[in-house]
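Trainee: Quick one: this structure, given as C-alpha cells, is what I'll be asking you about.
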Amino acid sequence: MTTQTKLKIAFACYLSAILIFVPTQAVANGGDTISFGSFLAGLFHPVMQLNHFLAMVSAGIISAQIGGRMVWTIPVTFVGLMAIGWGLNLAGIGLGYIDLAVALSIVVLGLIIAIDRSFTVAIMIIVVGLFALFHGYAHGVEMPSLANPIQYASGFLIGAAIIHFIGILVGGIPQNYEKRSSIFSIMGATIAVFGALFVSGIL
C-alpha cells in the first residue's frame, strides 16, 4: 500500500470520526428545538440519517470509480439538485413517494458501484440529479420548525459536500488493488442491501 493511499485512508477515517461522533444535540430534537443552531442542525442532518449518508457516500464512490471529470461533476450535480429539491419544498411544490425514492437511491447507486462499469455523463447526471432532488426535498420536510431556512440549507449542503468527499476518498482505495472489481462489488452490494432494508421498511 502506497503512502498516498495510507494518507487517503487516514484522512477519510479522520473526517468520518468527526462527523459520526459529534454530539447528537447538534441535530434537531423532536423536530421543534435546535440545541446548537440552525447551521449545525443542517450540517449534521445528512450524517446522522443513514439513508442520506449512504446515498451521498455512494455518489462520491461512483465519481471516483468512473474518474475523469465525473470526480467533480457528480458531487456538484448532487449538491446542486439537493438545493433545488429543498427549494421546491420551501415553495410548497409537492413531490410524492419521498421516502421510497430516497431508499431506492441507495439500492440503485449501490448496484452501480457493484457493476463497476463506466456510464455516460448524461445517464449519471440524470440518475444522480433525480435522486438528489428527492434527498433535498426530504431535507426540507425534515427541517425543524424553528430553524432558519437559509442557515439550515447552508449546513446540510456543506455536510453533503463533505460526505461526497469522503466517498471520493473511499472510492479511490480499490484503484490500487488488482481485485478492484471484487472490492467494488462487495462495497456496492453491501450498500444495496442496506437500501433494500430501507425500501422494505426494516430500517
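Every chain in the C-alpha cells takes a letter, A first, then B, and so on in the order presented; its residues are numbered from 1, and the ligands are numbered from 1 following the presented order.
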Can you tell me, as a list in words, what residues are no more than 9 Å from Gly159 (chain A) when counting only C-alpha atoms, ignoring any on the same chain fewer than 2 positions away?
Mentor: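 So the residues in contact are Leu19, Gly42, Leu43, Phe44, His45, Pro46, Val47, Ser154, Gly155, Phe156, Leu157, Ala161, Ile162, Ile163 and His164 of chain A.
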Trainee: Output all heavy atoms for every residue in the selection just made, as a short mmCIF file (atom, residue, chain, number, x, y, z; two decimals), in the first residue's frame.
Mentor:
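The resulting file, part-v8.cif, is reproduced below:
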data_model
loop_
_atom_site.label_atom_id
_atom_site.label_comp_id
_atom_site.auth_asym_id
_atom_site.auth_seq_id
_atom_site.Cartn_x
_atom_site.Cartn_y
_atom_site.Cartn_z
N LEU A 19 -17.44 13.55 11.89
CA LEU A 19 -18.85 13.66 11.52
C LEU A 19 -19.75 12.71 12.30
O LEU A 19 -20.84 13.08 12.73
CB LEU A 19 -19.00 13.39 10.01
CG LEU A 19 -18.40 14.44 9.09
CD1 LEU A 19 -18.43 13.95 7.65
CD2 LEU A 19 -19.15 15.75 9.21
N GLY A 42 -28.43 21.58 10.27
CA GLY A 42 -28.38 21.21 8.87
C GLY A 42 -27.11 20.45 8.52
O GLY A 42 -27.15 19.47 7.77
N LEU A 43 -25.99 20.89 9.07
CA LEU A 43 -24.70 20.28 8.76
C LEU A 43 -24.67 18.79 9.12
O LEU A 43 -24.16 17.96 8.36
CB LEU A 43 -23.59 21.01 9.51
CG LEU A 43 -22.16 20.50 9.29
CD1 LEU A 43 -21.72 20.75 7.85
CD2 LEU A 43 -21.19 21.17 10.27
N PHE A 44 -25.23 18.47 10.27
CA PHE A 44 -25.13 17.09 10.74
C PHE A 44 -26.33 16.23 10.39
O PHE A 44 -26.32 15.03 10.63
CB PHE A 44 -24.90 17.07 12.26
CG PHE A 44 -23.57 17.64 12.66
CD1 PHE A 44 -23.49 18.77 13.44
CD2 PHE A 44 -22.41 17.05 12.21
CE1 PHE A 44 -22.25 19.30 13.80
CE2 PHE A 44 -21.16 17.57 12.56
CZ PHE A 44 -21.09 18.70 13.35
N HIS A 45 -27.35 16.84 9.81
CA HIS A 45 -28.54 16.05 9.46
C HIS A 45 -28.24 14.93 8.47
O HIS A 45 -28.64 13.78 8.71
CB HIS A 45 -29.65 16.95 8.91
CG HIS A 45 -30.90 16.21 8.59
ND1 HIS A 45 -31.81 15.82 9.55
CD2 HIS A 45 -31.38 15.74 7.41
CE1 HIS A 45 -32.81 15.17 8.98
NE2 HIS A 45 -32.57 15.10 7.67
N PRO A 46 -27.54 15.19 7.36
CA PRO A 46 -27.26 14.09 6.43
C PRO A 46 -26.30 13.05 6.99
O PRO A 46 -26.24 11.93 6.49
CB PRO A 46 -26.65 14.81 5.21
CG PRO A 46 -26.14 16.09 5.74
CD PRO A 46 -27.05 16.48 6.85
N VAL A 47 -25.55 13.42 8.02
CA VAL A 47 -24.63 12.48 8.65
C VAL A 47 -25.37 11.53 9.58
O VAL A 47 -25.13 10.32 9.59
CB VAL A 47 -23.53 13.23 9.44
CG1 VAL A 47 -22.59 12.24 10.12
CG2 VAL A 47 -22.77 14.15 8.52
N SER A 154 -27.72 25.89 4.18
CA SER A 154 -26.27 26.04 4.02
C SER A 154 -25.55 24.90 4.75
O SER A 154 -24.57 24.33 4.23
CB SER A 154 -25.80 27.38 4.59
OG SER A 154 -26.40 28.45 3.90
N GLY A 155 -26.06 24.56 5.92
CA GLY A 155 -25.45 23.49 6.71
C GLY A 155 -25.54 22.14 6.03
O GLY A 155 -24.53 21.44 5.89
N PHE A 156 -26.73 21.77 5.58
CA PHE A 156 -26.85 20.42 5.01
C PHE A 156 -26.17 20.30 3.64
O PHE A 156 -25.72 19.22 3.26
CB PHE A 156 -28.29 19.92 4.98
CG PHE A 156 -29.19 20.43 3.91
CD1 PHE A 156 -29.01 20.06 2.58
CD2 PHE A 156 -30.27 21.25 4.22
CE1 PHE A 156 -29.88 20.52 1.58
CE2 PHE A 156 -31.15 21.70 3.23
CZ PHE A 156 -30.93 21.34 1.90
N LEU A 157 -26.06 21.42 2.93
CA LEU A 157 -25.37 21.37 1.63
C LEU A 157 -23.86 21.20 1.84
O LEU A 157 -23.20 20.44 1.11
CB LEU A 157 -25.66 22.63 0.83
CG LEU A 157 -27.10 22.76 0.32
CD1 LEU A 157 -27.30 24.11 -0.36
CD2 LEU A 157 -27.45 21.63 -0.64
N ALA A 161 -21.57 17.93 0.83
CA ALA A 161 -20.32 18.03 0.08
C ALA A 161 -19.20 17.27 0.78
O ALA A 161 -18.39 16.58 0.14
CB ALA A 161 -19.94 19.50 -0.10
N ILE A 162 -19.15 17.37 2.11
CA ILE A 162 -18.13 16.66 2.88
C ILE A 162 -18.31 15.15 2.75
O ILE A 162 -17.34 14.40 2.57
CB ILE A 162 -18.18 17.08 4.36
CG1 ILE A 162 -17.77 18.54 4.52
CG2 ILE A 162 -17.27 16.18 5.21
CD1 ILE A 162 -17.94 19.09 5.92
N ILE A 163 -19.55 14.69 2.83
CA ILE A 163 -19.82 13.26 2.70
C ILE A 163 -19.41 12.76 1.31
O ILE A 163 -18.85 11.67 1.16
CB ILE A 163 -21.30 12.95 2.97
CG1 ILE A 163 -21.66 13.30 4.42
CG2 ILE A 163 -21.60 11.47 2.71
CD1 ILE A 163 -23.13 13.21 4.73
N HIS A 164 -19.70 13.54 0.28
CA HIS A 164 -19.27 13.17 -1.07
C HIS A 164 -17.75 13.05 -1.14
O HIS A 164 -17.22 12.13 -1.79
CB HIS A 164 -19.75 14.20 -2.09
CG HIS A 164 -21.16 14.01 -2.53
ND1 HIS A 164 -22.24 14.47 -1.81
CD2 HIS A 164 -21.68 13.39 -3.62
CE1 HIS A 164 -23.36 14.16 -2.45
NE2 HIS A 164 -23.05 13.50 -3.55
#
Trainee: Can you pull out every residue within 9 Å of Ile125 (chain A), counting only C-alpha atoms, but drop anything in the same chain fewer than 3 positions away, and send it as a list of chain:residue names?
Mentor: A:Thr73, A:Ile74, A:Thr77, A:Phe78, A:Thr120, A:Val121, A:Ala122, A:Val128, A:Gly129, A:Leu130
Trainee: What does the file look like for those residues with C-alpha atoms, as a PDB file, in the first residue's frame?
Mentor:
ATOM      1  CA  THR A  73     -19.408  16.568 -11.877  1.00  0.00           C
ATOM      2  CA  ILE A  74     -21.362  14.021  -9.821  1.00  0.00           C
ATOM      3  CA  THR A  77     -24.758  17.824  -9.517  1.00  0.00           C
ATOM      4  CA  PHE A  78     -25.956  16.052  -6.388  1.00  0.00           C
ATOM      5  CA  THR A 120     -22.139   8.175 -19.962  1.00  0.00           C
ATOM      6  CA  VAL A 121     -22.128  11.573 -18.341  1.00  0.00           C
ATOM      7  CA  ALA A 122     -25.748  12.157 -19.389  1.00  0.00           C
ATOM      8  CA  VAL A 128     -27.865  11.327  -9.638  1.00  0.00           C
ATOM      9  CA  GLY A 129     -29.819  14.521 -10.246  1.00  0.00           C
ATOM     10  CA  LEU A 130     -33.201  12.828  -9.918  1.00  0.00           C
TER      11      LEU A 130
END
Trainee: For CA of Leu90 (chain A) and CA of Ala132 (chain A), quote the distance in Å rounded to one decimal.
Mentor: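 Computing the Euclidean distance for CA of Leu90 (chain A) and CA of Ala132 (chain A) yields 15.7 Å.
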Trainee: Within 8 Å of Gly172 (chain A), counting only C-alpha atoms, which residues qualify if same-chain residues fewer than 6 places away don't, as a ChimeraX atom specification?
Mentor: /A:61,64-65
Trainee: Print the selection's residues with C-alpha atoms to a file, as a short mmCIF file (atom, residue, chain, number, x, y, z; two decimals), in the first residue's frame.
Mentor:
data_model
loop_
_atom_site.label_atom_id
_atom_site.label_comp_id
_atom_site.auth_asym_id
_atom_site.auth_seq_id
_atom_site.Cartn_x
_atom_site.Cartn_y
_atom_site.Cartn_z
CA ILE A 61 -17.59 6.46 -4.61
CA ALA A 64 -14.04 8.28 -8.05
CA GLN A 65 -14.82 4.92 -9.65
#
Trainee: Neighbouring residues of Gly195 (chain A) were defined as those with any atom within 9 Å, considering only C-alpha atoms; residues of the same chain fewer than 6 positions away were excluded. Please report them as an mmCIF file with all heavy atoms, in the first residue's frame.
Mentor:
data_model
loop_
_atom_site.group_PDB
_atom_site.id
_atom_site.type_symbol
_atom_site.label_atom_id
_atom_site.label_comp_id
_atom_site.auth_asym_id
_atom_site.auth_seq_id
_atom_site.Cartn_x
_atom_site.Cartn_y
_atom_site.Cartn_z
ATOM 1 N N ASN A 51 -29.811 6.865 5.731
ATOM 2 C CA ASN A 51 -30.238 6.786 4.330
ATOM 3 C C ASN A 51 -29.595 7.883 3.479
ATOM 4 O O ASN A 51 -29.122 7.631 2.363
ATOM 5 C CB ASN A 51 -31.767 6.835 4.219
ATOM 6 C CG ASN A 51 -32.382 8.009 4.946
ATOM 7 O OD1 ASN A 51 -31.701 8.813 5.596
ATOM 8 N ND2 ASN A 51 -33.691 8.143 4.847
ATOM 9 N N LEU A 54 -25.608 7.154 3.251
ATOM 10 C CA LEU A 54 -25.224 6.088 2.321
ATOM 11 C C LEU A 54 -25.360 6.524 0.867
ATOM 12 O O LEU A 54 -24.502 6.205 0.030
ATOM 13 C CB LEU A 54 -26.085 4.844 2.572
ATOM 14 C CG LEU A 54 -25.767 4.042 3.824
ATOM 15 C CD1 LEU A 54 -26.767 2.902 4.011
ATOM 16 C CD2 LEU A 54 -24.340 3.487 3.770
ATOM 17 N N ALA A 55 -26.418 7.254 0.550
ATOM 18 C CA ALA A 55 -26.611 7.704 -0.829
ATOM 19 C C ALA A 55 -25.505 8.663 -1.251
ATOM 20 O O ALA A 55 -24.969 8.570 -2.367
ATOM 21 C CB ALA A 55 -27.977 8.371 -0.979
ATOM 22 N N VAL A 102 -35.841 8.042 -1.788
ATOM 23 C CA VAL A 102 -34.576 8.118 -1.052
ATOM 24 C C VAL A 102 -34.019 6.711 -0.829
ATOM 25 O O VAL A 102 -32.818 6.463 -0.999
ATOM 26 C CB VAL A 102 -34.782 8.847 0.294
ATOM 27 C CG1 VAL A 102 -33.556 8.680 1.193
ATOM 28 C CG2 VAL A 102 -35.057 10.328 0.056
ATOM 29 N N ALA A 103 -34.895 5.777 -0.440
ATOM 30 C CA ALA A 103 -34.460 4.398 -0.210
ATOM 31 C C ALA A 103 -33.987 3.751 -1.506
ATOM 32 O O ALA A 103 -32.948 3.067 -1.538
ATOM 33 C CB ALA A 103 -35.601 3.589 0.404
ATOM 34 N N LEU A 104 -34.724 3.967 -2.580
ATOM 35 C CA LEU A 104 -34.344 3.387 -3.868
ATOM 36 C C LEU A 104 -33.014 3.944 -4.376
ATOM 37 O O LEU A 104 -32.266 3.254 -5.073
ATOM 38 C CB LEU A 104 -35.440 3.646 -4.903
ATOM 39 C CG LEU A 104 -36.690 2.784 -4.799
ATOM 40 C CD1 LEU A 104 -37.735 3.233 -5.823
ATOM 41 C CD2 LEU A 104 -36.352 1.302 -5.018
ATOM 42 N N SER A 105 -32.730 5.186 -4.019
ATOM 43 C CA SER A 105 -31.465 5.780 -4.457
ATOM 44 C C SER A 105 -30.280 4.988 -3.916
ATOM 45 O O SER A 105 -29.261 4.827 -4.604
ATOM 46 C CB SER A 105 -31.376 7.246 -4.013
ATOM 47 O OG SER A 105 -31.196 7.368 -2.611
ATOM 48 N N ILE A 106 -30.407 4.478 -2.702
ATOM 49 C CA ILE A 106 -29.325 3.694 -2.101
ATOM 50 C C ILE A 106 -29.152 2.379 -2.853
ATOM 51 O O ILE A 106 -28.036 1.942 -3.132
ATOM 52 C CB ILE A 106 -29.612 3.425 -0.610
ATOM 53 C CG1 ILE A 106 -29.837 4.735 0.132
ATOM 54 C CG2 ILE A 106 -28.455 2.655 0.035
ATOM 55 C CD1 ILE A 106 -30.355 4.563 1.548
ATOM 56 N N VAL A 107 -30.277 1.750 -3.190
ATOM 57 C CA VAL A 107 -30.229 0.485 -3.930
ATOM 58 C C VAL A 107 -29.579 0.695 -5.296
ATOM 59 O O VAL A 107 -28.642 -0.023 -5.678
ATOM 60 C CB VAL A 107 -31.643 -0.105 -4.118
ATOM 61 C CG1 VAL A 107 -31.575 -1.363 -4.975
ATOM 62 C CG2 VAL A 107 -32.280 -0.409 -2.776
ATOM 63 N N VAL A 108 -30.060 1.684 -6.039
ATOM 64 C CA VAL A 108 -29.576 1.922 -7.397
ATOM 65 C C VAL A 108 -28.099 2.322 -7.403
ATOM 66 O O VAL A 108 -27.293 1.784 -8.182
ATOM 67 C CB VAL A 108 -30.425 3.004 -8.092
ATOM 68 C CG1 VAL A 108 -29.822 3.380 -9.440
ATOM 69 C CG2 VAL A 108 -31.851 2.517 -8.271
ATOM 70 N N GLY A 110 -25.887 1.760 -5.113
ATOM 71 C CA GLY A 110 -25.100 0.615 -4.670
ATOM 72 C C GLY A 110 -24.874 -0.366 -5.804
ATOM 73 O O GLY A 110 -23.763 -0.895 -5.978
ATOM 74 N N LEU A 203 -35.465 -0.787 8.101
ATOM 75 C CA LEU A 203 -34.648 0.291 8.678
ATOM 76 C C LEU A 203 -35.391 1.624 8.561
ATOM 77 O O LEU A 203 -36.222 1.812 7.683
ATOM 78 C CB LEU A 203 -33.308 0.390 7.928
ATOM 79 C CG LEU A 203 -32.309 -0.742 8.171
ATOM 80 C CD1 LEU A 203 -31.044 -0.506 7.351
ATOM 81 C CD2 LEU A 203 -31.957 -0.850 9.655
#
Trainee: So what do you get for CA of Val199 (chain A) versus CA of Ser182 (chain A), distance-wise?
Mentor: 25.3 Å
Trainee: Determine which residues of chain A receive a DSSP assignment of helix (DSSP H, G or I), computed from the backbone, and state them as number ranges by chain.
Mentor: A: 3-20, 24-26, 38-48, 50-66, 70-90, 98-115, 121-141, 149-176, 180-200
Trainee: Give me, as a ChimeraX atom specification, all polymer residues having an atom no more than 10 Å from Met82 (chain A), counting only C-alpha atoms and skipping those fewer than 3 positions away in the same chain.
Mentor: /A:76-79,85-88,129-140,153,156-157,160
Trainee: Distance CA of Gly94 (chain A)-CA of Glu142 (chain A), one decimal place?
Mentor: 14.2 Å
